[in-house]
Amino acid sequence: MPTSSNAATDVADSAAPQPVRSLADDIRGRTDDELRELLQRRPDLARPAPADLTSLAARASTRASVHRALDSLDRAHLQVLEVAALQLGALDEGLLLTHLGGPDEHSDGPSGEPGMGDRVRGLLHSLWSSALLWRGADGLHVTRTAVEALGPHIAGLGPAAAEVRGTTPAALADPARLDALLASAPEPARAILDRLTWGPPLAVPPTHGAAGKVAEGARWLLTEGLLLAVSADQVVLPREVGLRLRGGRLHRDLLLGPPAVQGRSHDAPVVDSAAGQQVSDLLVLVDELAAEWGPRPPRVLRAGGLAVRDLRRLAQVLDVPERRAAFVAEVALDAGLVGDDGSLEPVWAPTPAYDDWQQLPGASRWARLAQAWLVSTRASHLVGGTPPGGSGTVNALGPDVSWPPARGLRRDVLGELERLPEGTAPERESVVQALRWRRPRRLPPTVDAVVAAVAEEAEWLGVTGRGALSHAGRALLADADADRLAAAMHAHLPAPVEHVLLQADLTAIAPGPLEGGLAQFMRLVADVESRGGATVYRFTPDSVRRCLDAGWSVDQVLAALTDASHTPLPQPLDYLVRDVARRHGQTRVGSVGSYVRCDDEATLTAMLADRALSPLQLRKIAPTVLVSPVGAPTALDFLRDAGYAPAAESAEGGLLVPTTGHHRTPPRRSQPTPTIHTVDDDLARTLVGALRAGEEAAAYQRAELASRPGPPLPSTDPTTTLAVLREAAADRQGVWIGYSDAAGGVQRMLFYPERVEGGRVHGTADGTARTLSIHRVTGASAN
């Protein structure tokens, strides 16, 4: 065993400058500031925290992490990376600029302003900071995983001829001969080349012996080696030919800066005022949804979601289009205000959290809705469409509305608005083009529909006003807490009122938003006829009966209306309330199935003769009593539809106040709000300190292992092990591994991996083919 002084000497020796031969060596040589920048650019590397710098490098090389990093690149970074990925070995900056568009076109300008060279160097440094490039003694290299993640046809170019044939034909290796050959191509061949120039480079050749100009052109290209057969039914345009046809450039359009977003400008107060009005309307719509689903909760479909007819009814009640009704239902679900009650026959109903939410000030109520919408992975614009890969219709509140990319795309669209000057409402096509530059790999084919949907939902939610980002919307994107978010919206909400104006035409006007008990009472006793800056309520016999059914007496209704109004109680409204109250409860319904009793025998006779009531199968058992085999709730519905205004009766003969008007789901444990994980300066500083400590401990371990017989073989976590094995398989090199056998012992072997897949590594050891389970590999070290 070595002494501690020898171990320290070994560590000191290992800390001496070593040649940088891989990404792991590069990362170990970075400064603390550079490591912090890496963790902030790629936050997925920080969770869970890696043990040391070697583990950090291994994690940065995994396919999932690299794909995530590539998806976050804009078009400028992606185009430079694609050009760099096609170079073998260290990057040649002159060749890089040539492939981007030509050295003359992109040289630095004489005015002293930064030209193409400076911009490309800045992009390369950014890619190195993100660990998609690593810096060796001879310059920058693209990581192997990044090249693989870019796909087989980078920038739409095919493979090099040597990769297909094993050698490069002389005609392709000499630019002058290649130019002459392309110039002599007949018209049919030239048409094929034009279609393949900018990708994709693969094509299906005509069948053997086919006639026609296309077949003639394809045969000429194959004969001259300008097309190469890769299979019996596919040909490919070699990279050398593609680059020559493109004039040495990789991309048709080089976009190293975002496109300008065009739009209209509005005054900021106008934007905030419009947003505040939208918020006021939204809060009313959520309250009306709860008021509708409390007494009449719609059932949950067997596959989950809300039936189409129930969504259509909700849209009629809210007096909005179905797509907006779906949005209101979805945002209420996201905020935990409605849910599945979990009963044997489940229904959608308000949750107990709705009652607490309803008592909050308007701005606080909005803050909860807005925060839930921003982090939601549900996309209400999918409602009414066809689910991907399936048939039928996407139902509101159903599982098919869940779409994980929605959260990121929502932030991307709003981020484009945030970059504009205050009050600017962008044109939708400009936003789409900006997103195509900002996130070229992450956009779905339906990006136009997504941008339109996000813009529409943001307007309904008050995040935007007249198409421009509102003051409160900017606070939302800055991840302000609920209190600051509510404060940002409070000043722009219409001031709530505590009175209405009763009219002689059986309407009432609320000159502003109503809150609290008055809002609940007005929704109970009247129907909303129109909304806007002022809300118009309409009194009808059904609406007054609804209030009486909830347990209000005629005197209480008239007193509440008188107290709430700044105008005298109109005589027509007084007559309406008293007339409905006079008839209310004359007819009592119980259970037999059910019974109907009434002191007015003529009324019962009319019921027996009414054909609309025939499904009830009514029969008289006494001069003032009818019975029916159906249940009391059904009998109540039929009689009300027929205009008889019955009241429910308890078993003791008293008036039964229905409790279904307050149906709520059982209390549920509150769900944690989804968050987007980022790495701030404090967390990055802490992680870098831990990585340095872990690297020092690993160095001591390597020093100790180096003193033992055999090659040094430290223990490695599965991520590091996989990275080492994949690197060795790609380089066709051996790797020393520790392998746990069935008896529990660990044997060392020099293993030559060939491929890694399905949790196993296939290769050879001591000349024998072996397949090893990766979970049994205790450590791996390059030979």
# chains A, B, ... in the order shown; residues from 1 in each chain; ligands from 1

call {"tool": "residues_around", "arguments": {"residues": "His762 (chain A)", "least_positions_apart": "5", "cutoff": "8 Å", "atoms": "only C-alpha atoms", "output": "ChimeraX atom specification"}}
result
/A:753-756,769-772

call {"tool": "write_last_selection", "arguments": {"atoms": "C-alpha atoms", "output": "short mmCIF file (atom, residue, chain, number, x, y, z; two decimals), in the first residue's frame"}}
result
data_model
loop_
_atom_site.label_atom_id
_atom_site.label_comp_id
_atom_site.auth_asym_id
_atom_site.auth_seq_id
_atom_site.Cartn_x
_atom_site.Cartn_y
_atom_site.Cartn_z
CA PRO A 753 -17.11 -3.29 -27.33
CA GLU A 754 -18.78 -3.40 -30.72
CA ARG A 755 -22.28 -2.09 -29.98
CA VAL A 756 -24.29 -0.97 -26.99
CA ALA A 769 -17.44 -12.97 -28.31
CA ARG A 770 -19.29 -11.94 -25.17
CA THR A 771 -22.46 -10.08 -24.25
CA LEU A 772 -22.36 -8.29 -20.89
#

call {"tool": "residues_around", "arguments": {"residues": "Leu561 (chain A)", "least_positions_apart": "3", "cutoff": "9 Å", "atoms": "only C-alpha atoms", "output": "VMD selection string"}}
result
chain A and resid 500 502 522 556 to 558 564 to 565 569

call {"tool": "select_by_dssp", "arguments": {"residues": "region 359-394 of chain A", "states": "alpha helix (DSSP H)", "output": "PDB file with N, CA and C atoms, in the first residue's frame"}}
result
ATOM      1  N   GLY A 362     -60.520  40.033  -7.316  1.00  0.00           N
ATOM      2  CA  GLY A 362     -60.463  39.675  -8.735  1.00  0.00           C
ATOM      3  C   GLY A 362     -59.061  39.484  -9.257  1.00  0.00           C
ATOM      4  N   ALA A 363     -58.129  40.345  -8.887  1.00  0.00           N
ATOM      5  CA  ALA A 363     -56.758  40.234  -9.389  1.00  0.00           C
ATOM      6  C   ALA A 363     -56.092  38.953  -8.902  1.00  0.00           C
ATOM      7  N   SER A 364     -56.351  38.548  -7.661  1.00  0.00           N
ATOM      8  CA  SER A 364     -55.767  37.308  -7.138  1.00  0.00           C
ATOM      9  C   SER A 364     -56.381  36.099  -7.818  1.00  0.00           C
ATOM     10  N   ARG A 365     -57.674  36.192  -8.125  1.00  0.00           N
ATOM     11  CA  ARG A 365     -58.323  35.087  -8.837  1.00  0.00           C
ATOM     12  C   ARG A 365     -57.694  34.925 -10.219  1.00  0.00           C
ATOM     13  N   TRP A 366     -57.437  36.056 -10.882  1.00  0.00           N
ATOM     14  CA  TRP A 366     -56.814  35.990 -12.204  1.00  0.00           C
ATOM     15  C   TRP A 366     -55.403  35.414 -12.118  1.00  0.00           C
ATOM     16  N   ALA A 367     -54.634  35.813 -11.104  1.00  0.00           N
ATOM     17  CA  ALA A 367     -53.254  35.347 -10.983  1.00  0.00           C
ATOM     18  C   ALA A 367     -53.196  33.829 -10.933  1.00  0.00           C
ATOM     19  N   ARG A 368     -54.131  33.222 -10.221  1.00  0.00           N
ATOM     20  CA  ARG A 368     -54.131  31.761 -10.135  1.00  0.00           C
ATOM     21  C   ARG A 368     -54.439  31.131 -11.486  1.00  0.00           C
ATOM     22  N   LEU A 369     -55.392  31.693 -12.207  1.00  0.00           N
ATOM     23  CA  LEU A 369     -55.724  31.162 -13.534  1.00  0.00           C
ATOM     24  C   LEU A 369     -54.547  31.328 -14.493  1.00  0.00           C
ATOM     25  N   ALA A 370     -53.916  32.505 -14.476  1.00  0.00           N
ATOM     26  CA  ALA A 370     -52.836  32.777 -15.418  1.00  0.00           C
ATOM     27  C   ALA A 370     -51.630  31.882 -15.154  1.00  0.00           C
ATOM     28  N   GLN A 371     -51.254  31.697 -13.901  1.00  0.00           N
ATOM     29  CA  GLN A 371     -50.107  30.847 -13.581  1.00  0.00           C
ATOM     30  C   GLN A 371     -50.378  29.401 -13.965  1.00  0.00           C
ATOM     31  N   ALA A 372     -51.600  28.933 -13.730  1.00  0.00           N
ATOM     32  CA  ALA A 372     -51.937  27.558 -14.110  1.00  0.00           C
ATOM     33  C   ALA A 372     -51.889  27.373 -15.615  1.00  0.00           C
ATOM     34  N   TRP A 373     -52.369  28.367 -16.365  1.00  0.00           N
ATOM     35  CA  TRP A 373     -52.359  28.275 -17.836  1.00  0.00           C
ATOM     36  C   TRP A 373     -50.941  28.279 -18.381  1.00  0.00           C
ATOM     37  N   LEU A 374     -50.073  29.100 -17.828  1.00  0.00           N
ATOM     38  CA  LEU A 374     -48.724  29.234 -18.382  1.00  0.00           C
ATOM     39  C   LEU A 374     -47.941  27.932 -18.277  1.00  0.00           C
ATOM     40  N   VAL A 375     -48.120  27.176 -17.190  1.00  0.00           N
ATOM     41  CA  VAL A 375     -47.329  25.954 -16.999  1.00  0.00           C
ATOM     42  C   VAL A 375     -48.091  24.707 -17.411  1.00  0.00           C
TER      43      VAL A 375
END

call {"tool": "residues_around", "arguments": {"residues": "region 297-299 of chain A", "least_positions_apart": "2", "cutoff": "7 Å", "atoms": "only C-alpha atoms", "output": "PyMOL selection string"}}
result
chain A and resi 293-295+301+310+346-349

call {"tool": "residues_around", "arguments": {"residues": "region 532-538 of chain A", "least_positions_apart": "3", "cutoff": "10 Å", "atoms": "only C-alpha atoms", "output": "list of chain:residue names"}}
result
A:Gln277, A:Gln278, A:Ser280, A:Asp281, A:Val284, A:Pro494, A:Val500, A:Leu501, A:Leu502, A:Gln503, A:Asp505, A:Leu506, A:Thr507, A:Ala508, A:Ile509, A:Ala510, A:Pro511, A:Gly512, A:Pro513, A:Leu514, A:Met522, A:Arg523, A:Val525, A:Ala526, A:Asp527, A:Val528, A:Glu529, A:Ser543

call {"tool": "select_by_dssp", "arguments": {"residues": "region 226-381 of chain A", "states": "strand (DSSP E or B)", "output": "PyMOL selection string"}}
result
chain A and resi 228-231+234-236+263-265+299-300+306+338-340+347-350+378

call {"tool": "write_last_selection", "arguments": {"atoms": "C-alpha atoms", "output": "compact mmCIF listing (two decimals), in the first residue's frame"}}
result
# COMPACT_ATOMS: atom_id res chain seq x y z
CA LEU A 228 -24.73 6.11 -56.16
CA ALA A 229 -26.92 3.12 -55.41
CA VAL A 230 -27.26 2.47 -51.67
CA SER A 231 -29.83 -0.33 -52.01
CA GLN A 234 -32.64 3.79 -53.45
CA VAL A 235 -29.97 6.05 -54.87
CA VAL A 236 -28.19 8.93 -53.15
CA GLY A 263 -46.67 44.73 -35.95
CA ARG A 264 -48.96 47.59 -34.98
CA SER A 265 -48.30 49.89 -32.07
CA ARG A 299 -71.11 13.19 -16.61
CA VAL A 300 -67.57 12.11 -17.30
CA LEU A 306 -66.66 16.14 -21.51
CA VAL A 338 -63.37 21.88 -11.41
CA GLY A 339 -62.69 18.18 -11.48
CA ASP A 340 -63.98 14.64 -11.66
CA VAL A 347 -69.44 13.86 -13.10
CA TRP A 348 -67.60 17.13 -13.66
CA ALA A 349 -68.27 19.54 -10.82
CA PRO A 350 -66.69 22.48 -9.00
CA ARG A 378 -52.93 20.92 -22.01

call {"tool": "atom_distance", "arguments": {"atom1": "CA of Arg36 (chain A)", "atom2": "CA of Thr719 (chain A)"}}
result
20.9 Å

call {"tool": "closest_residue", "arguments": {"among": "A:Arg640, A:His99, A:Arg302, A:Arg246", "to": "Gly398 (chain A)", "atoms": "only C-alpha atoms"}}
result
A:Arg302

call {"tool": "residues_around", "arguments": {"residues": "Gly767 (chain A)", "least_positions_apart": "5", "cutoff": "12 Å", "atoms": "only C-alpha atoms", "output": "PyMOL selection string"}}
result
chain A and resi 734+749-753

call {"tool": "residues_around", "arguments": {"residues": "Arg419 (chain A)", "least_positions_apart": "4", "cutoff": "12 Å", "atoms": "only C-alpha atoms", "output": "MDAnalysis selection string"}}
result
chainID A and resid 258 260:261 412:415 423:426 431 434 468:469 474 477

call {"tool": "residues_around", "arguments": {"residues": "Ser376 (chain A)", "least_positions_apart": "6", "cutoff": "9 Å", "atoms": "only C-alpha atoms", "output": "PyMOL selection string"}}
result
chain A and resi 331+334+402+404+406-407+674
